[in-house]
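Text of the file query_10.txt, holding compact mmCIF, C-alpha atoms and all ligand atoms:
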```txt
# COMPACT_ATOMS: atom_id res chain seq x y z
CA MET A 91 25.63 -18.70 80.36
CA VAL A 92 27.87 -19.40 83.33
CA ARG A 93 26.58 -22.59 84.94
CA ALA A 94 25.27 -21.51 88.31
CA LYS A 95 26.44 -23.21 91.45
CA LYS A 96 23.91 -23.56 94.19
CA ASN A 97 22.76 -20.11 95.38
CA GLU A 98 24.77 -18.45 92.65
CA LEU A 99 23.22 -16.08 90.21
CA LYS A 100 23.17 -17.05 86.57
CA VAL A 101 24.95 -14.27 84.72
CA ALA A 102 25.38 -14.22 80.98
CA GLU A 103 29.04 -13.96 80.03
CA LYS A 104 28.14 -12.36 76.77
CA PHE A 105 26.30 -9.23 77.71
CA ASP A 106 23.73 -8.64 75.03
CA LYS A 107 20.75 -6.39 75.63
CA LYS A 108 18.54 -9.21 76.84
CA ALA A 109 21.09 -10.25 79.48
CA LEU A 110 21.54 -6.66 80.66
CA VAL A 111 17.79 -6.11 80.94
CA ALA A 112 17.62 -9.30 83.01
CA LEU A 113 20.34 -8.02 85.38
CA LEU A 114 18.69 -4.62 85.74
CA SER A 115 15.37 -6.30 86.45
CA LEU A 116 16.63 -8.41 89.37
CA ASP A 117 14.43 -7.68 92.35
CA LYS A 118 15.23 -10.33 94.95
CA GLU A 119 17.64 -9.16 97.65
CA GLU A 120 19.79 -12.27 97.36
CA ASP A 121 20.06 -12.03 93.56
CA MET A 122 21.09 -8.40 93.78
CA ALA A 123 23.63 -9.25 96.49
CA THR A 124 25.12 -11.94 94.23
CA LEU A 125 25.32 -9.51 91.31
CA PHE A 126 27.08 -6.90 93.47
CA ALA A 127 29.50 -9.50 94.84
CA ARG A 128 30.36 -10.67 91.32
CA ALA A 129 30.94 -7.12 90.17
CA TYR A 130 33.13 -6.41 93.21
CA ALA A 131 35.16 -9.55 92.49
CA ALA A 132 35.54 -8.54 88.81
CA LYS A 133 36.80 -5.12 89.91
CA THR A 134 39.26 -6.53 92.44
CA GLN A 135 40.60 -9.01 89.92
CA CYS A 136 41.01 -6.46 87.13
CA ILE A 137 41.96 -3.18 88.81
CA GLY A 138 42.38 -3.95 92.51
CA ASN A 139 40.18 -2.92 95.40
CA SER A 140 41.43 0.63 96.08
CA VAL A 141 39.14 3.60 95.81
CA TYR A 142 40.65 6.78 94.35
CA LEU A 143 39.62 10.24 95.46
CA ARG A 144 38.95 13.30 93.31
CA GLY A 145 38.42 16.46 95.36
CA LEU A 146 35.41 18.13 93.74
CA ILE A 147 35.57 21.90 93.29
CA GLU A 148 32.25 23.33 92.09
CA PHE A 149 34.00 26.23 90.51
CA SER A 150 30.99 28.18 89.21
CA ASN A 151 27.20 27.77 89.02
CA ILE A 152 26.85 30.22 86.14
CA CYS A 153 25.27 28.35 83.25
CA THR A 154 23.92 29.41 79.88
CA LYS A 155 21.91 26.21 79.43
CA ASN A 156 18.45 25.22 80.48
CA CYS A 157 18.44 21.44 80.93
CA TYR A 158 14.93 20.60 82.18
CA TYR A 159 16.20 18.57 85.15
CA CYS A 160 18.89 20.80 86.64
CA GLY A 161 18.43 23.17 89.58
CA ILE A 162 21.14 25.61 88.42
CA ARG A 163 19.69 25.97 84.91
CA CYS A 164 19.97 29.49 83.55
CA ALA A 165 16.23 30.22 83.89
CA ASN A 166 16.19 29.52 87.62
CA LYS A 167 16.29 33.05 88.97
CA ASN A 168 16.28 31.87 92.61
CA VAL A 169 19.91 30.81 92.35
CA ILE A 170 22.57 33.27 93.50
CA ARG A 171 25.28 32.91 90.87
CA TYR A 172 28.97 32.70 91.80
CA GLU A 173 32.38 32.00 90.38
CA LEU A 174 35.11 31.10 92.88
CA THR A 175 38.11 33.43 93.10
CA ASP A 176 41.65 32.19 92.44
CA LYS A 177 42.27 32.29 96.17
CA GLU A 178 39.25 30.09 96.90
CA VAL A 179 40.24 27.57 94.21
CA THR A 180 43.82 27.47 95.50
CA LYS A 181 42.57 26.88 99.05
CA ALA A 182 40.51 23.89 97.88
CA VAL A 183 43.37 22.56 95.75
CA ASP A 184 45.75 22.87 98.70
CA PHE A 185 43.36 20.92 100.87
CA ALA A 186 43.18 18.09 98.34
CA TRP A 187 46.94 18.10 97.85
CA LYS A 188 47.86 18.18 101.52
CA ASN A 189 45.34 15.46 102.30
CA ARG A 190 46.84 13.22 99.57
CA TYR A 191 43.71 13.08 97.41
CA GLY A 192 45.72 12.51 94.24
CA SER A 193 43.31 14.40 91.96
CA VAL A 194 40.83 17.24 91.76
CA VAL A 195 37.79 17.81 89.55
CA LEU A 196 36.91 21.32 88.42
CA GLN A 197 33.20 21.32 87.67
CA SER A 198 30.93 24.16 86.57
CA GLY A 199 27.89 25.23 84.65
CA GLU A 200 28.47 25.71 80.95
CA GLN A 201 29.90 29.01 79.72
CA GLN A 202 31.43 29.18 76.27
CA SER A 203 33.00 32.62 76.45
CA ALA A 204 36.65 33.36 75.66
CA ARG A 205 36.99 34.84 79.14
CA PHE A 206 35.84 31.60 80.76
CA ALA A 207 38.12 29.48 78.58
CA GLN A 208 41.10 31.69 79.45
CA ARG A 209 40.28 31.65 83.16
CA ILE A 210 40.25 27.82 83.24
CA THR A 211 43.52 27.68 81.26
CA THR A 212 45.21 30.01 83.71
CA LEU A 213 43.87 28.05 86.68
CA LEU A 214 45.04 24.74 85.23
CA ARG A 215 48.57 26.06 84.69
CA SER A 216 48.74 27.50 88.18
CA ILE A 217 47.42 24.30 89.84
CA LYS A 218 49.96 22.20 87.95
CA GLN A 219 52.80 24.53 88.88
CA HIS A 220 51.72 25.04 92.47
CA THR A 221 51.41 21.28 93.18
CA HIS A 222 54.56 20.33 91.19
CA ASN A 223 52.35 18.28 88.86
CA GLU A 224 51.44 15.99 91.72
CA LEU A 225 47.67 16.43 91.36
CA GLY A 226 45.76 14.89 88.46
CA ILE A 227 43.08 17.22 87.07
CA THR A 228 39.68 16.27 85.68
CA LEU A 229 37.45 18.89 84.08
CA SER A 230 33.66 18.86 83.88
CA CYS A 231 32.74 22.18 82.32
CA GLY A 232 30.32 21.12 79.59
CA GLU A 233 30.46 21.38 75.82
CA GLN A 234 33.26 23.53 74.42
CA SER A 235 34.94 24.07 71.06
CA VAL A 236 37.73 21.72 69.94
CA GLU A 237 40.18 24.61 70.37
CA THR A 238 39.15 25.16 73.98
CA TYR A 239 39.33 21.45 74.80
CA LYS A 240 42.83 21.37 73.24
CA GLU A 241 43.95 24.45 75.12
CA TRP A 242 42.79 22.98 78.45
CA PHE A 243 44.44 19.63 77.66
CA GLU A 244 47.73 21.36 76.90
CA ALA A 245 47.40 23.39 80.10
CA GLY A 246 47.31 20.19 82.18
CA ALA A 247 43.80 18.69 82.32
CA HIS A 248 43.99 15.04 81.34
CA ARG A 249 40.52 13.70 82.15
CA TYR A 250 37.13 15.13 81.16
CA LEU A 251 33.61 14.21 82.24
CA LEU A 252 30.75 14.95 79.88
CA ARG A 253 27.65 12.90 80.55
CA ILE A 254 25.47 12.02 77.61
CA GLU A 255 22.63 12.05 80.20
CA THR A 256 20.76 9.40 78.18
CA SER A 257 21.95 7.64 75.03
CA GLY A 258 18.40 7.61 73.64
CA LYS A 259 17.85 10.53 71.28
CA ASP A 260 14.10 10.64 71.89
CA LEU A 261 14.46 10.68 75.65
CA TYR A 262 17.26 13.27 75.36
CA ARG A 263 14.85 15.55 73.51
CA LYS A 264 12.24 15.14 76.22
CA ILE A 265 14.60 16.32 78.96
CA HIS A 266 16.19 19.24 77.11
CA PRO A 267 14.90 22.27 75.23
CA ASP A 268 14.60 21.67 71.51
CA ASP A 269 17.33 24.02 70.26
CA LEU A 270 20.93 24.05 69.04
CA LEU A 271 22.33 24.74 72.49
CA HIS A 272 20.90 21.43 73.72
CA SER A 273 21.53 19.19 70.73
CA PHE A 274 22.12 15.46 71.25
CA GLU A 275 24.32 15.35 68.15
CA LYS A 276 26.53 18.18 69.42
CA ARG A 277 26.95 16.49 72.78
CA MET A 278 28.00 13.29 71.03
CA GLU A 279 30.43 15.22 68.86
CA ALA A 280 31.92 16.87 71.96
CA ILE A 281 32.51 13.47 73.59
CA CYS A 282 34.20 12.25 70.41
CA ASN A 283 36.39 15.37 70.26
CA LEU A 284 37.56 14.80 73.82
CA GLN A 285 38.60 11.25 72.93
CA LYS A 286 40.41 12.39 69.79
CA ILE A 287 42.35 15.07 71.68
CA GLY A 288 43.61 12.44 74.10
CA TYR A 289 41.63 13.02 77.28
CA GLN A 290 40.67 10.08 79.43
CA THR A 291 37.04 10.54 78.66
CA GLY A 292 34.12 9.97 80.97
CA THR A 293 30.44 10.04 80.31
CA GLY A 294 27.32 8.91 82.13
CA VAL A 295 23.57 9.02 82.50
CA MET A 296 20.88 9.79 85.04
CA ILE A 297 18.91 6.82 86.28
CA GLY A 298 15.18 6.92 86.98
CA LEU A 299 14.32 9.84 84.71
CA PRO A 300 10.68 10.36 83.78
CA PHE A 301 9.82 8.37 80.60
CA GLN A 302 12.97 6.18 81.00
CA THR A 303 12.65 2.38 80.77
CA VAL A 304 14.94 -0.51 81.75
CA ASP A 305 15.45 -1.05 78.02
CA ASP A 306 16.79 2.52 77.75
CA LEU A 307 19.23 1.83 80.58
CA ALA A 308 20.48 -1.39 78.99
CA ASP A 309 21.05 0.64 75.81
CA ASP A 310 23.02 3.17 77.87
CA LEU A 311 25.34 0.41 79.08
CA LEU A 312 25.87 -0.85 75.54
CA PHE A 313 26.48 2.72 74.43
CA PHE A 314 29.34 3.11 76.96
CA LYS A 315 30.91 -0.02 75.58
CA LYS A 316 30.38 0.98 71.97
CA ILE A 317 32.02 4.38 72.29
CA ASN A 318 34.75 2.82 74.42
CA VAL A 319 34.74 5.27 77.33
CA ASP A 320 37.41 5.26 80.03
CA MET A 321 35.25 6.46 82.92
CA VAL A 322 31.58 6.54 83.81
CA GLY A 323 29.71 8.61 86.39
CA MET A 324 26.04 7.80 86.72
CA GLY A 325 23.62 8.51 89.50
CA PRO A 326 19.94 8.56 90.29
CA TYR A 327 17.87 11.37 88.85
CA LEU A 328 16.66 13.53 91.75
CA GLU A 329 13.84 15.95 91.16
CA HIS A 330 14.21 19.68 91.84
CA HIS A 331 11.01 21.64 92.29
CA GLU A 332 12.33 24.69 90.41
CA THR A 333 12.74 22.78 87.13
CA PRO A 334 10.31 21.90 84.30
CA LEU A 335 10.80 18.14 84.76
CA TYR A 336 9.33 18.43 88.24
CA ALA A 337 5.89 18.40 86.58
CA HIS A 338 6.44 14.64 86.10
CA CYS A 339 7.46 13.84 89.67
CA GLN A 340 4.30 11.80 90.29
CA SER A 341 5.40 9.29 87.66
CA LEU A 342 8.88 8.67 89.12
CA LEU A 343 10.09 5.40 90.61
CA PRO A 344 10.37 5.53 94.41
CA LEU A 345 13.78 6.77 95.59
CA SER A 346 14.69 3.35 96.99
CA VAL A 347 14.07 1.75 93.58
CA ARG A 348 16.12 4.43 91.79
CA PHE A 349 18.89 3.72 94.29
CA GLU A 350 18.83 -0.04 93.68
CA LEU A 351 18.65 0.49 89.94
CA THR A 352 21.76 2.68 90.11
CA LEU A 353 23.67 -0.02 92.02
CA LYS A 354 22.56 -2.60 89.44
CA MET A 355 23.71 -0.30 86.61
CA ILE A 356 27.13 0.07 88.29
CA ALA A 357 27.48 -3.67 88.82
CA ALA A 358 26.36 -4.56 85.29
CA LEU A 359 28.75 -1.98 83.84
CA ARG A 360 31.64 -3.36 85.91
CA LEU A 361 30.99 -6.81 84.42
CA LEU A 362 30.67 -5.32 80.92
CA MET A 363 33.77 -3.08 81.15
CA PRO A 364 35.93 -4.42 84.01
CA ASP A 365 38.91 -2.05 83.61
CA ILE A 366 37.20 1.37 83.45
CA ASN A 367 36.85 3.89 86.29
CA ILE A 368 33.32 4.06 87.70
CA ALA A 369 32.29 6.80 90.11
CA ALA A 370 30.18 6.33 93.21
CA THR A 371 28.27 9.59 92.81
CA THR A 372 27.11 12.00 95.51
CA ALA A 373 23.49 11.72 94.32
CA LEU A 374 23.46 8.21 95.84
CA GLN A 375 24.29 9.71 99.21
CA VAL A 376 21.12 11.82 99.06
CA ILE A 377 19.04 8.64 99.21
CA ASP A 378 21.24 6.64 101.58
CA PRO A 379 23.98 8.10 103.82
CA MET A 380 26.12 5.05 102.93
CA GLY A 381 25.16 5.24 99.25
CA ARG A 382 28.66 5.84 97.90
CA GLU A 383 30.15 3.05 100.00
CA LYS A 384 27.42 0.67 98.77
CA ALA A 385 28.24 1.69 95.20
CA VAL A 386 31.90 0.81 95.81
CA GLN A 387 30.79 -2.58 97.06
CA ALA A 388 28.82 -2.99 93.82
CA GLY A 389 31.84 -2.24 91.60
CA ALA A 390 32.57 1.52 91.67
CA ASN A 391 36.17 2.68 92.35
CA ILE A 392 36.09 6.49 92.41
CA ILE A 393 34.69 8.90 95.01
CA MET A 394 34.56 12.68 94.64
CA PRO A 395 34.54 14.35 98.08
CA ASN A 396 33.28 17.91 97.95
CA MET A 397 35.92 20.62 98.44
CA THR A 398 33.76 23.59 97.52
CA THR A 399 33.81 26.41 100.08
CA VAL A 400 30.82 26.18 102.44
CA GLU A 401 29.70 29.73 101.61
CA VAL A 402 28.67 28.75 98.06
CA ARG A 403 27.88 25.01 98.39
CA SER A 404 24.17 25.63 98.86
CA GLN A 405 24.11 27.55 95.56
CA TYR A 406 25.24 24.48 93.60
CA GLN A 407 22.07 22.50 94.15
CA ILE A 408 21.54 20.68 90.88
CA TYR A 409 19.06 18.60 92.87
CA GLU A 410 17.47 19.18 96.26
CA ASN A 411 18.63 17.80 99.62
CA LYS A 412 22.24 17.79 98.48
CA PRO A 413 24.16 16.25 101.38
CA GLY A 414 26.83 18.06 103.39
CA ILE A 415 26.09 21.59 102.22
CA TYR A 416 27.07 22.92 105.64
CA ASP A 417 30.16 20.69 105.96
CA ASP A 418 33.55 22.14 105.12
CA ALA A 419 36.18 20.07 103.29
CA GLU A 420 37.63 18.84 106.59
CA ILE A 421 34.28 17.52 107.83
CA SER A 422 33.44 15.97 104.42
CA LYS A 423 36.80 14.23 104.54
CA SER A 424 36.54 12.82 108.04
CA LYS A 425 32.95 11.60 107.46
CA LEU A 426 33.98 9.90 104.22
CA GLU A 427 37.08 8.29 105.71
CA ALA A 428 35.11 6.98 108.68
CA ASN A 429 32.43 5.53 106.40
CA LEU A 430 34.97 3.90 104.08
CA GLN A 431 36.83 2.43 107.02
CA GLN A 432 33.57 1.10 108.46
CA ALA A 433 32.84 -0.56 105.11
CA GLY A 434 36.38 -2.01 104.94
CA ILE A 435 37.30 -0.03 101.83
CA GLU A 436 40.92 0.97 101.15
CA ILE A 437 41.78 4.46 99.83
CA GLY A 438 44.50 4.85 97.18
CA TYR A 439 46.08 7.99 98.67
CA ASN A 440 48.43 10.17 96.63
CA LYS A 441 47.64 8.34 93.39
CA TRP A 442 46.03 9.74 90.27
CA GLY A 443 44.09 6.51 89.88
CA ASP A 444 43.87 6.78 86.11
CA SER A 445 41.56 4.50 84.15
CA LYS A 446 43.36 1.28 83.32
CA HIS A 447 41.18 1.09 80.24
CA PHE A 448 42.72 4.23 78.71
CA LYS A 449 44.96 3.43 75.77
CA GLY A 450 45.66 6.91 74.41
CA ASN A 451 43.65 8.82 71.83
CA SER A 452 41.97 5.98 69.99
CA PRO A 453 38.16 6.25 70.29
N1 LIG B 501 27.44 21.70 83.24
C1 LIG B 501 28.22 20.54 83.01
C2 LIG B 501 27.43 19.49 82.26
O1 LIG B 501 26.21 19.58 82.25
O2 LIG B 501 28.07 18.61 81.69
C3 LIG B 501 28.78 19.92 84.28
C4 LIG B 501 28.03 20.19 85.54
S1 LIG B 501 26.42 19.38 85.61
C5 LIG B 501 25.76 20.07 87.07
C6 LIG B 501 26.89 17.73 86.08
C7 LIG B 501 25.82 16.68 85.99
O3 LIG B 501 24.81 16.91 86.96
C8 LIG B 501 25.04 16.60 84.71
O4 LIG B 501 25.77 15.94 83.72
C9 LIG B 501 23.78 15.86 85.14
O5 LIG B 501 23.84 14.48 84.80
C10 LIG B 501 23.77 16.01 86.66
N2 LIG B 501 22.48 16.51 87.13
C11 LIG B 501 21.91 17.70 86.84
N3 LIG B 501 20.69 17.77 87.40
C12 LIG B 501 20.47 16.60 88.05
C13 LIG B 501 19.38 16.06 88.79
N4 LIG B 501 18.27 16.76 88.97
N5 LIG B 501 19.51 14.82 89.31
C14 LIG B 501 20.65 14.12 89.13
N6 LIG B 501 21.70 14.56 88.43
C15 LIG B 501 21.61 15.80 87.88
FE1 LIG B 502 23.95 23.72 83.05
FE2 LIG B 502 25.10 21.31 83.35
FE3 LIG B 502 22.90 22.00 84.75
FE4 LIG B 502 22.67 21.55 82.11
S1 LIG B 502 23.29 20.04 83.70
S2 LIG B 502 21.78 23.28 83.22
S3 LIG B 502 24.63 22.37 81.39
S4 LIG B 502 24.92 22.92 84.90
```
Here is the file; what I need is its structure written in the form of structure tokens.
Ligand code: SAM
Ligand code: SF4
Amino acid sequence: MVRAKKNELKVAEKFDKKALVALLSLDKEEDMATLFARAYAAKTQCIGNSVYLRGLIEFSNICTKNCYYCGIRCANKNVIRYELTDKEVTKAVDFAWKNRYGSVVLQSGEQQSARFAQRITTLLRSIKQHTHNELGITLSCGEQSVETYKEWFEAGAHRYLLRIETSGKDLYRKIHPDDLLHSFEKRMEAICNLQKIGYQTGTGVMIGLPFQTVDDLADDLLFFKKINVDMVGMGPYLEHHETPLYAHCQSLLPLSVRFELTLKMIAALRLLMPDINIAATTALQVIDPMGREKAVQAGANIIMPNMTTVEVRSQYQIYENKPGIYDDAEISKSKLEANLQQAGIEIGYNKWGDSKHFKGNSP
């Protein structure tokens, strides 16, 4: 243990499960503030204090899967399905490029068709060419074959986000249908394949799920370390009334507790893996308008401002009360910049902001 100075939190230097559970269980304001300050200092010391932006393009809400928690699951017939046109994607990419965002993320529901794979490949090539390779590209399009992941990598994507959602197999089975399309083992294999191909690989979990315990969350943190990820995006679980998991909404932690728990997860992860990229996710902003900025102050270093065209934003509601669905990219940008400035946070414009942790394809 680090010997605590007066008013300073005791934090185990060796983060075993017991120490992580203790950090995640902190409930006094001042203890949490000390944890966040330590995590912020660890970040600044290891990777600097800049925040990097990834313009988020919610490319399509068409999904063949039925995750029990997600509002755009295939079985939700109230969703109007869309796929952005090339022109719409280019418009969003141009906005990110001209506003010096450094990177974009193409995110979508999961489709495993050859047509979909080809469409993404073509888009990747055209974005790279159009922006003279100045924009970094992250993909978040679910589980795909090794061949598709390779094809997309060769076409210019160099980072991929695929959340494990929970590292506990039993909990995973409770929040997904019990079939081959939603297999924990296949998701794990997909994450491994991404690492082997050479992507900077990101994963993550939802925090405050029904049935989830603090022990589960500590295991999630140890899981990130064990599989040696380069990036993590984790946010609070937010219920959606058109999903099966909504049946358990009475048993959920209050939103404010889920919010605090997410900040503690971010801070603990920053101490555990100081050189990775950690996202301050939009789900935090649903609970607190300054949620992403607070996450940055607890150790996160990536923000993903939404670039999706306003016409379809409301159809990408994975959870309810998604913020800014009527804001266009310009409004999202000015709100974010004003908030970051207010919080004294510096933006790393025009930089890819790659994970310092990434050492090439060596999982
Ligand atoms: N379809 C791809 C996938 O599942 O990997 C990428 C898009 S999916 C919408 C991105 C993430 O949204 C999921 O990994 C999941 O963690 C998160 N998500 C879905 N429903 C959510 C909810 N109700 N609350 C919080 N996060 C949710
Ligand atoms: Fe589809 Fe992703 Fe939602 Fe699951 S989380 S239903 S794969 S969009």
Task: Close residues, region 323-330 of chain A itself excluded, 9 Å, only C-alpha atoms, min 2 positions apart in chain, as a PyMOL selection string - done: chain A and resi 159-161+251+253+255+292-300+321+332-336+339+345+348-349+351-353+355-356+367-374+376-377+407-410
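With all atoms listed in the file as the atoms that count, the set of residues no farther than 6 Å from ligand LIG 502 (chain B) is Cys153, Lys155, Asn156, Cys157, Cys160, Ile162, Arg163, Gly199 and Glu200 of chain A.
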Identify the residues within 12 Å of coordinate (29.2, 20.5, 103.1) (same frame as the file), considering all atoms listed in the file, and give the answer as a short mmCIF file (atom, residue, chain, number, x, y, z; two decimals) with C-alpha atoms, in the coordinates of the input.
```cif
data_model
loop_
_atom_site.label_atom_id
_atom_site.label_comp_id
_atom_site.auth_asym_id
_atom_site.auth_seq_id
_atom_site.Cartn_x
_atom_site.Cartn_y
_atom_site.Cartn_z
CA LEU A 146 35.41 18.13 93.74
CA ILE A 147 35.57 21.90 93.29
CA GLU A 148 32.25 23.33 92.09
CA THR A 372 27.11 12.00 95.51
CA PRO A 395 34.54 14.35 98.08
CA ASN A 396 33.28 17.91 97.95
CA MET A 397 35.92 20.62 98.44
CA THR A 398 33.76 23.59 97.52
CA THR A 399 33.81 26.41 100.08
CA VAL A 400 30.82 26.18 102.44
CA GLU A 401 29.70 29.73 101.61
CA VAL A 402 28.67 28.75 98.06
CA ARG A 403 27.88 25.01 98.39
CA SER A 404 24.17 25.63 98.86
CA GLN A 405 24.11 27.55 95.56
CA TYR A 406 25.24 24.48 93.60
CA GLN A 407 22.07 22.50 94.15
CA ASN A 411 18.63 17.80 99.62
CA LYS A 412 22.24 17.79 98.48
CA PRO A 413 24.16 16.25 101.38
CA GLY A 414 26.83 18.06 103.39
CA ILE A 415 26.09 21.59 102.22
CA TYR A 416 27.07 22.92 105.64
CA ASP A 417 30.16 20.69 105.96
CA ASP A 418 33.55 22.14 105.12
CA ALA A 419 36.18 20.07 103.29
CA GLU A 420 37.63 18.84 106.59
CA ILE A 421 34.28 17.52 107.83
CA SER A 422 33.44 15.97 104.42
CA LYS A 423 36.80 14.23 104.54
CA SER A 424 36.54 12.82 108.04
CA LYS A 425 32.95 11.60 107.46
CA LEU A 426 33.98 9.90 104.22
#
```
Open item on the list: Please list as a ChimeraX atom specification every residue within 8 Å of Ala308 (chain A), counting only C-alpha atoms and excluding residues in the same chain fewer than 6 positions away.
Closed with: /A:107,110-111,114
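Between CA of Gln387 (chain A) and CA of Tyr142 (chain A) lies a distance of 13.9 Å.
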